[in-house]
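The structure appears right after this line, and notes come after that.
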Amino acid sequence: MNTLVEQDRASGKRRIAAVVVAAGRGERAGQAADGPKQYRLIGGKPVIRHTLEVLAAHERIGAIAVAIHPDDGALFSQACDGLGADIRTVDGGPSRQESTRLALAALRDLDPEIVLIHDGVRPFIDAPLIDRVIDTVGETLGALPVVPVSDTLKRQGENMLVQGTVPRNGLFAAQTPQGFPFRPILEAHEKAWRAGRADFTDDAAIAEWIGMPVRLVEGSPDNTKLTWARDIALADQRLGGVAMAGMPDVRTGNGYDVHAFGKGNHVTLCGVEIPHAKGLKGHSDADVGLHALTDALLATCGAGDIGTHFPPSDPQWKGAPSRIFVEHAAGLVRERGGRIANADITLICETPRVGPHRDSMVAQLSGMLRIAPERVSIKATTNEGLGFIGRAEGIAAIATATVVFPGALKD
């Protein structure tokens, strides 16, 4: 049984594809605001994103088909936004087996030579494990990563009494990704579906059922499946880094903005309209304080700047209230597991006076950021008559945001 390795390396990424099964509800992990366990945060990112990042970064894998629950489209889009790989989604079925069949069918147009089938809640796969599986797959040969069973196994009898001890010699625990030649495993799944067989617990079992030999390959003890709430908590702790547990992941971002005066009868600063002889020029409401804060928040999670998310060339933002920008940036921070600890804004202008409006500004920002007022600081200073600000030609703002992310500081 010749392996497909040389063909794979000569023909490029598209000849190897992956299926990720992520349509389950994860009841054993309990309920959480993040949704099913594949969307729970570990190390500041959803479980499914950790999994897909490894697969998407592997140079030998082309397309990835992900089976998701029909209700999880928005969750998946948020979790995996910006991965930049050829990732296609398909609505999963009522069982893992059916979800796998549907995801395999979604790759039919690509007709890869090899397909890897992986559990979405195994985020600790690595490139060497993937390579071992790929290098073992043959034209009619499957590959199954395993780890030896180390615990003593007991067979249960009546009334929860031990009936006997099971010898563990030659016993292994199966992992994923499991690798197969694409057409044979797709045909095997479709044959099982037509036969009404829905009792297979993994894809290697279906391969065995149709007579395809499956070779064991070395798995990884780190490649654990997250099943229970405790598994998720331990995974989060693991990604936080034990060696540097005393150094929390605190990030600081800053932003700067400036707008010139123009025609108008008020200016908007930190969400508060202040009567004034002039207005501020800008595509939105030109709130320099909120624009600077938006950039500061985005900086804490490497999410670009305000122009990335709200291009001034887009007419939908003409005259828009800048609180939209701040709330969007704060939402991105929270999606990544961040907690906003502090927001500090300095307004630099000769006029108008900021002091009488400071409490209103703090209240506005407290609501936008969902933090206590004492975590918001609004300051103002003049430019001592110097430069364009000193000549009362415009207003500038400097903002700093401090955000605490899950886990600990890592290299």
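By order in the structure tokens, chains are A, B, ...; within a chain, residues start at 1; ligands start at 1, following the order shown.
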
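When the distance limit is 9 Å and only C-alpha atoms are what count, the residues near His283 (chain A), minus those fewer than 2 positions from it on the same chain, are Lys281, Asp285, Ala286, Pro312, Ser313, Pro315, Trp317, Lys318, Gly319 and Ala320 of chain A.
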
Within 7 Å of Thr402 (chain A) using only C-alpha atoms, minus same-chain residues under 3 positions, as a count of residues only: 7

Enumerate, as an NGL selection string, the complete set of residues in region 149-248 of chain A that a backbone-based DSSP assignment places in strand (DSSP E or B). :A and (153-156 or 162-166 or 172-174 or 178-181 or 214-218 or 248)

Write out the residues from the selection above, keeping N, CA and C atoms, as a PDB file, in the first residue's frame.
```
ATOM      1  N   LEU A 153      -8.034  -1.318  33.795  1.00  0.00           N
ATOM      2  CA  LEU A 153      -9.416  -1.314  33.336  1.00  0.00           C
ATOM      3  C   LEU A 153     -10.215  -2.400  34.040  1.00  0.00           C
ATOM      4  N   LYS A 154     -11.416  -2.048  34.494  1.00  0.00           N
ATOM      5  CA  LYS A 154     -12.299  -2.977  35.179  1.00  0.00           C
ATOM      6  C   LYS A 154     -13.603  -3.124  34.393  1.00  0.00           C
ATOM      7  N   ARG A 155     -14.128  -4.351  34.394  1.00  0.00           N
ATOM      8  CA  ARG A 155     -15.421  -4.594  33.766  1.00  0.00           C
ATOM      9  C   ARG A 155     -16.489  -4.588  34.856  1.00  0.00           C
ATOM     10  N   GLN A 156     -17.569  -3.844  34.604  1.00  0.00           N
ATOM     11  CA  GLN A 156     -18.636  -3.707  35.587  1.00  0.00           C
ATOM     12  C   GLN A 156     -19.592  -4.899  35.532  1.00  0.00           C
ATOM     13  N   VAL A 162     -17.351  -5.216  40.649  1.00  0.00           N
ATOM     14  CA  VAL A 162     -16.353  -5.514  39.633  1.00  0.00           C
ATOM     15  C   VAL A 162     -16.530  -6.943  39.163  1.00  0.00           C
ATOM     16  N   GLN A 163     -16.688  -7.094  37.853  1.00  0.00           N
ATOM     17  CA  GLN A 163     -16.829  -8.422  37.266  1.00  0.00           C
ATOM     18  C   GLN A 163     -15.479  -9.016  36.883  1.00  0.00           C
ATOM     19  N   GLY A 164     -14.519  -8.132  36.572  1.00  0.00           N
ATOM     20  CA  GLY A 164     -13.208  -8.640  36.203  1.00  0.00           C
ATOM     21  C   GLY A 164     -12.284  -7.519  35.790  1.00  0.00           C
ATOM     22  N   THR A 165     -11.004  -7.853  35.672  1.00  0.00           N
ATOM     23  CA  THR A 165      -9.988  -6.898  35.228  1.00  0.00           C
ATOM     24  C   THR A 165      -9.672  -7.168  33.764  1.00  0.00           C
ATOM     25  N   VAL A 166      -9.638  -6.113  32.970  1.00  0.00           N
ATOM     26  CA  VAL A 166      -9.388  -6.242  31.541  1.00  0.00           C
ATOM     27  C   VAL A 166      -7.902  -6.024  31.283  1.00  0.00           C
ATOM     28  N   PHE A 172      -5.412   0.751  23.247  1.00  0.00           N
ATOM     29  CA  PHE A 172      -5.033   2.139  23.003  1.00  0.00           C
ATOM     30  C   PHE A 172      -6.280   3.019  23.026  1.00  0.00           C
ATOM     31  N   ALA A 173      -6.088   4.260  23.405  1.00  0.00           N
ATOM     32  CA  ALA A 173      -7.159   5.252  23.319  1.00  0.00           C
ATOM     33  C   ALA A 173      -7.031   5.997  21.994  1.00  0.00           C
ATOM     34  N   ALA A 174      -8.123   6.051  21.255  1.00  0.00           N
ATOM     35  CA  ALA A 174      -8.101   6.684  19.927  1.00  0.00           C
ATOM     36  C   ALA A 174      -8.201   8.200  20.053  1.00  0.00           C
ATOM     37  N   GLN A 178      -7.994  11.719  12.470  1.00  0.00           N
ATOM     38  CA  GLN A 178      -7.859  10.440  11.812  1.00  0.00           C
ATOM     39  C   GLN A 178      -7.786  10.699  10.311  1.00  0.00           C
ATOM     40  N   GLY A 179      -6.861  10.021   9.638  1.00  0.00           N
ATOM     41  CA  GLY A 179      -6.624  10.297   8.231  1.00  0.00           C
ATOM     42  C   GLY A 179      -7.042   9.139   7.342  1.00  0.00           C
ATOM     43  N   PHE A 180      -7.580   9.480   6.159  1.00  0.00           N
ATOM     44  CA  PHE A 180      -8.068   8.464   5.232  1.00  0.00           C
ATOM     45  C   PHE A 180      -7.899   8.949   3.787  1.00  0.00           C
ATOM     46  N   PRO A 181      -7.840   8.005   2.846  1.00  0.00           N
ATOM     47  CA  PRO A 181      -8.013   8.419   1.456  1.00  0.00           C
ATOM     48  C   PRO A 181      -9.441   8.938   1.298  1.00  0.00           C
ATOM     49  N   VAL A 214      -6.620   0.088   8.953  1.00  0.00           N
ATOM     50  CA  VAL A 214      -6.273   1.346   9.621  1.00  0.00           C
ATOM     51  C   VAL A 214      -5.025   1.107  10.456  1.00  0.00           C
ATOM     52  N   ARG A 215      -4.004   1.872  10.198  1.00  0.00           N
ATOM     53  CA  ARG A 215      -2.731   1.696  10.910  1.00  0.00           C
ATOM     54  C   ARG A 215      -2.660   2.667  12.087  1.00  0.00           C
ATOM     55  N   LEU A 216      -2.195   2.137  13.234  1.00  0.00           N
ATOM     56  CA  LEU A 216      -1.998   2.980  14.414  1.00  0.00           C
ATOM     57  C   LEU A 216      -0.732   3.823  14.255  1.00  0.00           C
ATOM     58  N   VAL A 217      -0.837   5.087  14.642  1.00  0.00           N
ATOM     59  CA  VAL A 217       0.333   5.963  14.664  1.00  0.00           C
ATOM     60  C   VAL A 217       0.407   6.611  16.040  1.00  0.00           C
ATOM     61  N   GLU A 218       1.576   7.095  16.364  1.00  0.00           N
ATOM     62  CA  GLU A 218       1.789   7.699  17.675  1.00  0.00           C
ATOM     63  C   GLU A 218       0.951   8.963  17.831  1.00  0.00           C
ATOM     64  N   PRO A 248       0.100  38.722  35.225  1.00  0.00           N
ATOM     65  CA  PRO A 248      -1.169  38.747  34.485  1.00  0.00           C
ATOM     66  C   PRO A 248      -1.010  39.432  33.131  1.00  0.00           C
TER      67      PRO A 248
END
```

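The space separating CA of Val403 (chain A) from CA of Val250 (chain A) comes to 5.8 Å.
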
Between A:Gly120, A:Gly289, A:Pro112, A:Pro177, which one has atoms that come closest to Gly142 (chain A), using only C-alpha atoms? A:Pro177

Using backbone DSSP assignments, extract all helix (DSSP H, G or I) residues from region 160-342 of chain A; output them as a PyMOL selection string. chain A and resi 160+182-194+203-209+229-240+288-299+306-309+315-317+323-335

If we count only C-alpha atoms and set the cut-off at 9 Å, which residues sit around region 83-95 of chain A, ignoring sequence neighbours fewer than 6 positions away in its own chain? Please answer as a list in words. Val21, Ala22, Ala23, Gly24, Arg49, Leu52, Glu53, Ala56, Ala57, Gly62, Ala63, Ile64, Ala65, Val66, Ala67, Ile68, His69, Pro70, Asp71, Gly73, Arg101, Leu102, Ala103, Ala106, Leu107 and Ala198 of chain A

Can you list, as a list in words, every protein, DNA or RNA residue that comes within 12 Å of Gly302 (chain A) when you count only C-alpha atoms, leaving out same-chain residues fewer than 2 positions away? Arg251, Thr252, Gly253, Asn254, Asp295, Ala296, Leu297, Leu298, Ala299, Thr300, Gly304, Asp305, Ile306, Thr308, Ala329, Leu332, Val333 and Arg336 of chain A

Can I get the selected residues back with C-alpha atoms, as a short mmCIF file (atom, residue, chain, number, x, y, z; two decimals), in the first residue's frame?
```
data_model
loop_
_atom_site.label_atom_id
_atom_site.label_comp_id
_atom_site.auth_asym_id
_atom_site.auth_seq_id
_atom_site.Cartn_x
_atom_site.Cartn_y
_atom_site.Cartn_z
CA ARG A 251 -2.32 45.37 28.02
CA THR A 252 -2.31 49.13 27.47
CA GLY A 253 -3.33 50.86 24.25
CA ASN A 254 -3.26 54.52 23.32
CA ASP A 295 -8.08 53.39 18.74
CA ALA A 296 -6.78 52.77 22.26
CA LEU A 297 -9.21 49.89 22.83
CA LEU A 298 -8.47 48.30 19.45
CA ALA A 299 -4.76 48.50 20.20
CA THR A 300 -5.11 46.25 23.27
CA GLY A 304 -6.29 47.65 13.77
CA ASP A 305 -7.58 51.19 14.10
CA ILE A 306 -10.84 53.08 13.73
CA THR A 308 -10.09 49.73 9.58
CA ALA A 329 -14.23 48.29 19.98
CA LEU A 332 -14.21 43.15 20.31
CA VAL A 333 -12.22 43.35 23.53
CA ARG A 336 -11.45 38.07 23.23
#
```

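For the pair CA of Gly367 (chain A) and CA of Val272 (chain A), the separation is 12.8 Å.
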
Non-local contacts of Ala392 (chain A) (10 Å; only C-alpha atoms; under 5 positions in same chain excluded) as number ranges by chain: A: 260-261, 349-352, 382-383, 385-387

At a cut-off of 12 Å, using only C-alpha atoms, what residues contact His259 (chain A)? Leave out same-chain residues fewer than 6 positions from it and give the result as a PyMOL selection string. chain A and resi 267-269+278-292+347-349+388-389+392-397

For those residues, write N, CA and C atoms to a file as a PDB file, in the first residue's frame.
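Saved as result09.pdb:
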```pdb
ATOM      1  N   VAL A 267     -20.134  71.386  19.723  1.00  0.00           N
ATOM      2  CA  VAL A 267     -19.156  70.317  19.524  1.00  0.00           C
ATOM      3  C   VAL A 267     -19.580  69.133  20.384  1.00  0.00           C
ATOM      4  N   THR A 268     -19.239  67.922  19.940  1.00  0.00           N
ATOM      5  CA  THR A 268     -19.512  66.718  20.721  1.00  0.00           C
ATOM      6  C   THR A 268     -18.199  66.177  21.230  1.00  0.00           C
ATOM      7  N   LEU A 269     -18.072  66.111  22.563  1.00  0.00           N
ATOM      8  CA  LEU A 269     -16.857  65.632  23.198  1.00  0.00           C
ATOM      9  C   LEU A 269     -17.208  64.544  24.201  1.00  0.00           C
ATOM     10  N   LYS A 278     -18.668  77.250  17.107  1.00  0.00           N
ATOM     11  CA  LYS A 278     -18.243  76.485  15.936  1.00  0.00           C
ATOM     12  C   LYS A 278     -18.504  74.997  16.177  1.00  0.00           C
ATOM     13  N   GLY A 279     -18.488  74.236  15.090  1.00  0.00           N
ATOM     14  CA  GLY A 279     -18.554  72.792  15.195  1.00  0.00           C
ATOM     15  C   GLY A 279     -17.208  72.185  14.841  1.00  0.00           C
ATOM     16  N   LEU A 280     -17.118  70.887  14.880  1.00  0.00           N
ATOM     17  CA  LEU A 280     -15.892  70.197  14.485  1.00  0.00           C
ATOM     18  C   LEU A 280     -16.114  69.483  13.160  1.00  0.00           C
ATOM     19  N   LYS A 281     -15.133  69.584  12.279  1.00  0.00           N
ATOM     20  CA  LYS A 281     -15.226  68.944  10.977  1.00  0.00           C
ATOM     21  C   LYS A 281     -14.907  67.453  11.121  1.00  0.00           C
ATOM     22  N   GLY A 282     -15.698  66.633  10.460  1.00  0.00           N
ATOM     23  CA  GLY A 282     -15.451  65.195  10.494  1.00  0.00           C
ATOM     24  C   GLY A 282     -16.553  64.445   9.797  1.00  0.00           C
ATOM     25  N   HIS A 283     -16.251  63.210   9.366  1.00  0.00           N
ATOM     26  CA  HIS A 283     -17.250  62.428   8.649  1.00  0.00           C
ATOM     27  C   HIS A 283     -18.384  61.999   9.573  1.00  0.00           C
ATOM     28  N   SER A 284     -18.025  61.634  10.818  1.00  0.00           N
ATOM     29  CA  SER A 284     -19.048  61.284  11.803  1.00  0.00           C
ATOM     30  C   SER A 284     -19.376  62.545  12.595  1.00  0.00           C
ATOM     31  N   ASP A 285     -19.619  62.406  13.910  1.00  0.00           N
ATOM     32  CA  ASP A 285     -19.878  63.605  14.714  1.00  0.00           C
ATOM     33  C   ASP A 285     -18.585  64.262  15.182  1.00  0.00           C
ATOM     34  N   ALA A 286     -17.420  63.718  14.720  1.00  0.00           N
ATOM     35  CA  ALA A 286     -16.103  64.317  14.978  1.00  0.00           C
ATOM     36  C   ALA A 286     -15.754  64.399  16.456  1.00  0.00           C
ATOM     37  N   ASP A 287     -16.208  63.424  17.240  1.00  0.00           N
ATOM     38  CA  ASP A 287     -15.909  63.394  18.667  1.00  0.00           C
ATOM     39  C   ASP A 287     -14.477  62.895  18.856  1.00  0.00           C
ATOM     40  N   VAL A 288     -13.543  63.840  19.039  1.00  0.00           N
ATOM     41  CA  VAL A 288     -12.124  63.469  19.105  1.00  0.00           C
ATOM     42  C   VAL A 288     -11.832  62.556  20.282  1.00  0.00           C
ATOM     43  N   GLY A 289     -12.513  62.781  21.405  1.00  0.00           N
ATOM     44  CA  GLY A 289     -12.267  61.953  22.583  1.00  0.00           C
ATOM     45  C   GLY A 289     -12.624  60.500  22.341  1.00  0.00           C
ATOM     46  N   LEU A 290     -13.792  60.257  21.754  1.00  0.00           N
ATOM     47  CA  LEU A 290     -14.230  58.888  21.505  1.00  0.00           C
ATOM     48  C   LEU A 290     -13.436  58.241  20.371  1.00  0.00           C
ATOM     49  N   HIS A 291     -13.013  59.027  19.400  1.00  0.00           N
ATOM     50  CA  HIS A 291     -12.196  58.466  18.326  1.00  0.00           C
ATOM     51  C   HIS A 291     -10.846  57.990  18.867  1.00  0.00           C
ATOM     52  N   ALA A 292     -10.232  58.794  19.720  1.00  0.00           N
ATOM     53  CA  ALA A 292      -8.954  58.402  20.314  1.00  0.00           C
ATOM     54  C   ALA A 292      -9.134  57.169  21.200  1.00  0.00           C
ATOM     55  N   LEU A 347      -8.357  65.848  26.824  1.00  0.00           N
ATOM     56  CA  LEU A 347      -8.808  66.737  25.748  1.00  0.00           C
ATOM     57  C   LEU A 347      -7.916  67.975  25.751  1.00  0.00           C
ATOM     58  N   ILE A 348      -7.411  68.348  24.571  1.00  0.00           N
ATOM     59  CA  ILE A 348      -6.485  69.478  24.460  1.00  0.00           C
ATOM     60  C   ILE A 348      -7.152  70.546  23.608  1.00  0.00           C
ATOM     61  N   CYS A 349      -7.537  71.652  24.230  1.00  0.00           N
ATOM     62  CA  CYS A 349      -8.252  72.712  23.500  1.00  0.00           C
ATOM     63  C   CYS A 349      -8.210  74.007  24.298  1.00  0.00           C
ATOM     64  N   PHE A 388      -1.748  75.095  16.329  1.00  0.00           N
ATOM     65  CA  PHE A 388      -3.111  75.225  15.806  1.00  0.00           C
ATOM     66  C   PHE A 388      -4.135  75.135  16.922  1.00  0.00           C
ATOM     67  N   ILE A 389      -3.824  74.383  17.988  1.00  0.00           N
ATOM     68  CA  ILE A 389      -4.765  74.322  19.110  1.00  0.00           C
ATOM     69  C   ILE A 389      -4.755  75.648  19.855  1.00  0.00           C
ATOM     70  N   ALA A 392      -6.867  78.186  18.527  1.00  0.00           N
ATOM     71  CA  ALA A 392      -8.286  77.795  18.558  1.00  0.00           C
ATOM     72  C   ALA A 392      -8.773  77.357  17.176  1.00  0.00           C
ATOM     73  N   GLU A 393      -7.909  76.625  16.464  1.00  0.00           N
ATOM     74  CA  GLU A 393      -8.294  76.123  15.148  1.00  0.00           C
ATOM     75  C   GLU A 393      -8.849  74.695  15.206  1.00  0.00           C
ATOM     76  N   GLY A 394      -8.729  74.052  16.348  1.00  0.00           N
ATOM     77  CA  GLY A 394      -9.233  72.688  16.464  1.00  0.00           C
ATOM     78  C   GLY A 394      -9.032  72.132  17.851  1.00  0.00           C
ATOM     79  N   ILE A 395      -9.393  70.853  18.009  1.00  0.00           N
ATOM     80  CA  ILE A 395      -9.291  70.147  19.293  1.00  0.00           C
ATOM     81  C   ILE A 395      -8.580  68.817  19.056  1.00  0.00           C
ATOM     82  N   ALA A 396      -7.713  68.428  19.992  1.00  0.00           N
ATOM     83  CA  ALA A 396      -7.032  67.130  19.944  1.00  0.00           C
ATOM     84  C   ALA A 396      -7.380  66.338  21.197  1.00  0.00           C
ATOM     85  N   ALA A 397      -7.147  65.040  21.128  1.00  0.00           N
ATOM     86  CA  ALA A 397      -7.395  64.165  22.289  1.00  0.00           C
ATOM     87  C   ALA A 397      -6.384  63.041  22.307  1.00  0.00           C
TER      88      ALA A 397
END
```

Using only C-alpha atoms, determine which residues lie at most 10 Å from region 355-357 of chain A, disregarding the query and same-chain residues fewer than 4 positions distant; provide the list as a PyMOL selection string. chain A and resi 269-270+272-274+361-362+378-380

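Considering only C-alpha atoms, the residue among A:Gly262, A:Pro145, A:Gly337, A:Gly170 positioned nearest to Asp131 (chain A) is A:Pro145.
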